[in-house]
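K.L.:
Pasting in a structure now, in structure tokens, and then I'll have a few things to ask.
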2 protein chains.
Amino acid sequence: MIDIDFDKMGGLIPAIIQDNDTGEVLMLGFMNKEAWENTLATGKATFFSRTRNKLWIKGETSGNVQLVKEIRIDCDNDTVLLKIDQVGGAACHTGFKSCFYRIIESGELKTIGHPIFDPKEVYKK
Amino acid sequence: MIDIDFDKMGGLIPAIIQDNDTGEVLMLGFMNKEAWENTLATGKATFFSRTRNKLWIKGETSGNVQLVKEIRIDCDNDTVLLKIDQVGGAACHTGFKSCFYRIIESGELKTIGHPIFDPKEVYKK
């Protein structure tokens, strides 16, 4: 039995999403119990969207789902780490591979790399 | 100017800690504004401990500080990723290199690897 501590953060746990091949950290999302169980049941990363206040199967709009290859749990049972294969190559809604596409250099933000897709083409709305 | 969104989670942001050499995800902590600014000012990862309700310079007890080599910020400005050098080799208070030392296999938790230090020796209390 895997006992995840959802109480510590009011029903949510942070889920770190890491590229299974390269180890690059792609994003961080939050899961409630339903999102966690859906992830286990389907093998597709599922989150709870805090802004939309509903279950969010990553890629349900864009088709860029995250296929879960490995799941790890931290020492406190309150954070999970998912190693995934990113369909379409980009995890970020901006079109970048990783949501962490900006680095701090000399106190300023600098963008690294280029978008893989054009959000206007993918999210036609 | 780097504008971090501390409001989304009541004054805290998640900070993913990644080994600068290997890319292994070592832990996740939370930072408030003070912890974030202390991290930038000192180059040592500083968190806000939710259980102790106070600023927590990682390694202040064990000596195993985290020397920050790179900082990235996500697309929503509400999560940061720190690539660090882990003094002492282990980030987890249990003595394991990573807090994510357990993997889910066939629905069960399985421990990977061995502790690097003995917590009883390091935290003499």
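In the structure tokens, chains take the letters A, B, ... in the order shown, each chain's residues start at 1, and ligands count up from 1 in the order shown.
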Give the alpha helix (DSSP H) residues of chain A, as assigned by DSSP on the backbone, as an MDAnalysis selection string.
P.N.:
chainID A and resid 33:42 119:122
K.L.:
Distance cut-off 6 Å, counting only C-alpha atoms - which residues of chain A neighbour chain B? Return them as a PyMOL selection string.
P.N.:
chain A and resi 23+71-75+99-100+102-104
K.L.:
Just fit chain B onto chain A on all the Cα atoms, in order, by least squares, and give it as a short mmCIF file (atom, residue, chain, number, x, y, z; two decimals) with C-alpha atoms, in the first residue's frame.
P.N.:
```
data_model
loop_
_atom_site.label_atom_id
_atom_site.label_comp_id
_atom_site.auth_asym_id
_atom_site.auth_seq_id
_atom_site.Cartn_x
_atom_site.Cartn_y
_atom_site.Cartn_z
CA MET B 1 0.01 0.01 0.00
CA ILE B 2 1.41 3.38 -1.00
CA ASP B 3 0.37 6.06 1.45
CA ILE B 4 0.66 9.53 -0.07
CA ASP B 5 0.30 12.51 2.27
CA PHE B 6 -2.27 14.74 0.57
CA ASP B 7 -3.17 16.51 3.82
CA LYS B 8 0.02 18.53 4.18
CA MET B 9 -0.95 20.87 1.34
CA GLY B 10 -4.72 20.87 1.51
CA GLY B 11 -5.32 17.89 -0.77
CA LEU B 12 -2.49 18.45 -3.25
CA ILE B 13 1.03 17.13 -3.76
CA PRO B 14 3.70 18.57 -6.06
CA ALA B 15 4.67 16.28 -8.96
CA ILE B 16 8.04 16.87 -10.64
CA ILE B 17 8.07 15.82 -14.29
CA GLN B 18 11.43 14.72 -15.66
CA ASP B 19 12.36 13.58 -19.18
CA ASN B 20 13.01 9.84 -18.94
CA ASP B 21 15.79 9.93 -21.55
CA THR B 22 17.71 13.12 -20.81
CA GLY B 23 16.91 13.79 -17.13
CA GLU B 24 15.84 17.33 -17.99
CA VAL B 25 13.21 18.66 -15.58
CA LEU B 26 10.26 19.59 -17.78
CA MET B 27 7.63 20.99 -15.41
CA LEU B 28 6.03 20.83 -12.00
CA GLY B 29 2.34 20.17 -11.55
CA PHE B 30 0.05 19.45 -8.64
CA MET B 31 -1.99 16.31 -8.14
CA ASN B 32 -4.96 15.64 -5.94
CA LYS B 33 -5.90 12.07 -5.02
CA GLU B 34 -8.03 11.66 -8.15
CA ALA B 35 -5.23 12.91 -10.43
CA TRP B 36 -2.73 10.60 -8.72
CA GLU B 37 -4.99 7.57 -9.09
CA ASN B 38 -5.74 8.44 -12.72
CA THR B 39 -2.00 8.69 -13.39
CA LEU B 40 -1.44 5.23 -11.90
CA ALA B 41 -4.45 3.74 -13.72
CA THR B 42 -3.78 5.20 -17.20
CA GLY B 43 0.00 5.66 -17.28
CA LYS B 44 -0.57 9.24 -18.43
CA ALA B 45 0.42 12.14 -16.19
CA THR B 46 -2.71 13.73 -14.77
CA PHE B 47 -2.78 16.85 -12.64
CA PHE B 48 -5.19 19.07 -10.78
CA SER B 49 -5.27 22.49 -12.37
CA ARG B 50 -5.32 25.12 -9.64
CA THR B 51 -6.26 27.89 -12.07
CA ARG B 52 -9.09 25.94 -13.75
CA ASN B 53 -9.98 24.06 -10.54
CA LYS B 54 -10.42 20.71 -12.28
CA LEU B 55 -8.68 17.50 -13.28
CA TRP B 56 -6.20 18.05 -16.10
CA ILE B 57 -4.92 15.17 -18.20
CA LYS B 58 -1.75 16.72 -19.58
CA GLY B 59 -1.98 16.79 -23.38
CA GLU B 60 -5.75 16.36 -23.59
CA THR B 61 -5.96 19.51 -25.74
CA SER B 62 -2.64 19.47 -27.57
CA GLY B 63 -2.26 15.68 -27.87
CA ASN B 64 1.13 16.03 -26.17
CA VAL B 65 0.49 13.52 -23.40
CA GLN B 66 3.15 12.38 -20.93
CA LEU B 67 3.70 8.61 -20.86
CA VAL B 68 4.85 7.61 -17.39
CA LYS B 69 7.92 5.36 -17.33
CA GLU B 70 8.89 5.54 -13.67
CA ILE B 71 7.43 6.92 -10.45
CA ARG B 72 9.41 7.81 -7.35
CA ILE B 73 8.18 9.08 -3.99
CA ASP B 74 10.11 11.26 -1.57
CA CYS B 75 11.08 10.54 2.02
CA ASP B 76 8.08 12.40 3.45
CA ASN B 77 5.50 10.81 1.11
CA ASP B 78 4.39 14.29 0.07
CA THR B 79 6.09 14.78 -3.31
CA VAL B 80 6.35 12.53 -6.36
CA LEU B 81 8.80 12.40 -9.25
CA LEU B 82 7.62 11.08 -12.62
CA LYS B 83 10.01 10.13 -15.39
CA ILE B 84 8.09 10.38 -18.63
CA ASP B 85 8.23 10.27 -22.41
CA GLN B 86 6.84 13.55 -23.73
CA VAL B 87 4.74 13.04 -26.86
CA GLY B 88 5.38 15.93 -29.27
CA GLY B 89 8.66 16.79 -27.56
CA ALA B 90 7.49 19.87 -25.68
CA ALA B 91 5.97 19.92 -22.19
CA CYS B 92 5.37 23.66 -21.88
CA HIS B 93 2.24 25.40 -23.16
CA THR B 94 4.53 28.11 -24.56
CA GLY B 95 5.99 25.57 -27.01
CA PHE B 96 9.29 25.14 -25.20
CA LYS B 97 10.50 21.65 -24.32
CA SER B 98 10.68 22.51 -20.63
CA CYS B 99 8.73 25.06 -18.62
CA PHE B 100 12.12 26.00 -17.16
CA TYR B 101 13.37 27.72 -20.33
CA ARG B 102 14.62 30.81 -18.51
CA ILE B 103 17.81 31.06 -16.50
CA ILE B 104 19.00 33.75 -14.12
CA GLU B 105 22.26 35.30 -15.27
CA SER B 106 23.77 38.31 -13.52
CA GLY B 107 20.44 39.01 -11.86
CA GLU B 108 18.49 39.00 -15.14
CA LEU B 109 16.27 36.39 -16.81
CA LYS B 110 17.60 34.96 -20.05
CA THR B 111 15.69 32.61 -22.38
CA ILE B 112 17.45 29.41 -23.37
CA GLY B 113 16.72 27.64 -26.65
CA HIS B 114 13.74 27.99 -28.96
CA PRO B 115 10.11 26.84 -28.91
CA ILE B 116 9.41 23.43 -30.48
CA PHE B 117 5.84 24.31 -31.49
CA ASP B 118 3.75 27.43 -32.01
CA PRO B 119 1.11 27.62 -29.26
CA LYS B 120 -1.28 29.45 -31.61
CA GLU B 121 -1.26 26.45 -33.95
CA VAL B 122 -1.65 23.84 -31.21
CA TYR B 123 -4.26 25.51 -29.01
CA LYS B 124 -6.62 26.82 -31.67
CA LYS B 125 -8.60 29.17 -29.50
#
```
K.L.:
From a DSSP calculation on the backbone, collect every residue of chain A in strand (DSSP E) and output the set as a PyMOL selection string.
P.N.:
chain A and resi 13-19+25-31+46-49+54-57+66-73+80-86+102-105+108-111
K.L.:
Go ahead and save the residues from that selection, with C-alpha atoms, as an mmCIF file, in the first residue's frame.
P.N.:
```cif
data_model
loop_
_atom_site.group_PDB
_atom_site.id
_atom_site.type_symbol
_atom_site.label_atom_id
_atom_site.label_comp_id
_atom_site.auth_asym_id
_atom_site.auth_seq_id
_atom_site.Cartn_x
_atom_site.Cartn_y
_atom_site.Cartn_z
ATOM 1 C CA ILE A 13 1.033 17.134 -3.776
ATOM 2 C CA PRO A 14 3.705 18.572 -6.072
ATOM 3 C CA ALA A 15 4.672 16.286 -8.965
ATOM 4 C CA ILE A 16 8.030 16.877 -10.645
ATOM 5 C CA ILE A 17 8.078 15.824 -14.292
ATOM 6 C CA GLN A 18 11.437 14.724 -15.677
ATOM 7 C CA ASP A 19 12.374 13.591 -19.187
ATOM 8 C CA VAL A 25 13.224 18.674 -15.582
ATOM 9 C CA LEU A 26 10.255 19.593 -17.777
ATOM 10 C CA MET A 27 7.638 20.992 -15.401
ATOM 11 C CA LEU A 28 6.031 20.840 -12.016
ATOM 12 C CA GLY A 29 2.356 20.185 -11.565
ATOM 13 C CA PHE A 30 0.055 19.465 -8.650
ATOM 14 C CA MET A 31 -1.987 16.310 -8.147
ATOM 15 C CA THR A 46 -2.709 13.745 -14.779
ATOM 16 C CA PHE A 47 -2.773 16.864 -12.643
ATOM 17 C CA PHE A 48 -5.179 19.081 -10.787
ATOM 18 C CA SER A 49 -5.255 22.500 -12.374
ATOM 19 C CA LYS A 54 -10.413 20.707 -12.304
ATOM 20 C CA LEU A 55 -8.672 17.504 -13.301
ATOM 21 C CA TRP A 56 -6.204 18.054 -16.112
ATOM 22 C CA ILE A 57 -4.920 15.177 -18.213
ATOM 23 C CA GLN A 66 3.169 12.392 -20.937
ATOM 24 C CA LEU A 67 3.700 8.625 -20.872
ATOM 25 C CA VAL A 68 4.853 7.619 -17.392
ATOM 26 C CA LYS A 69 7.916 5.377 -17.328
ATOM 27 C CA GLU A 70 8.905 5.538 -13.671
ATOM 28 C CA ILE A 71 7.423 6.924 -10.458
ATOM 29 C CA ARG A 72 9.412 7.825 -7.353
ATOM 30 C CA ILE A 73 8.182 9.083 -3.983
ATOM 31 C CA VAL A 80 6.350 12.542 -6.371
ATOM 32 C CA LEU A 81 8.806 12.410 -9.250
ATOM 33 C CA LEU A 82 7.640 11.098 -12.625
ATOM 34 C CA LYS A 83 10.008 10.127 -15.398
ATOM 35 C CA ILE A 84 8.093 10.391 -18.625
ATOM 36 C CA ASP A 85 8.232 10.280 -22.400
ATOM 37 C CA GLN A 86 6.845 13.563 -23.726
ATOM 38 C CA ARG A 102 14.631 30.806 -18.514
ATOM 39 C CA ILE A 103 17.819 31.045 -16.501
ATOM 40 C CA ILE A 104 19.006 33.749 -14.112
ATOM 41 C CA GLU A 105 22.257 35.294 -15.267
ATOM 42 C CA GLU A 108 18.492 38.993 -15.173
ATOM 43 C CA LEU A 109 16.281 36.380 -16.830
ATOM 44 C CA LYS A 110 17.613 34.939 -20.050
ATOM 45 C CA THR A 111 15.711 32.599 -22.384
#
```
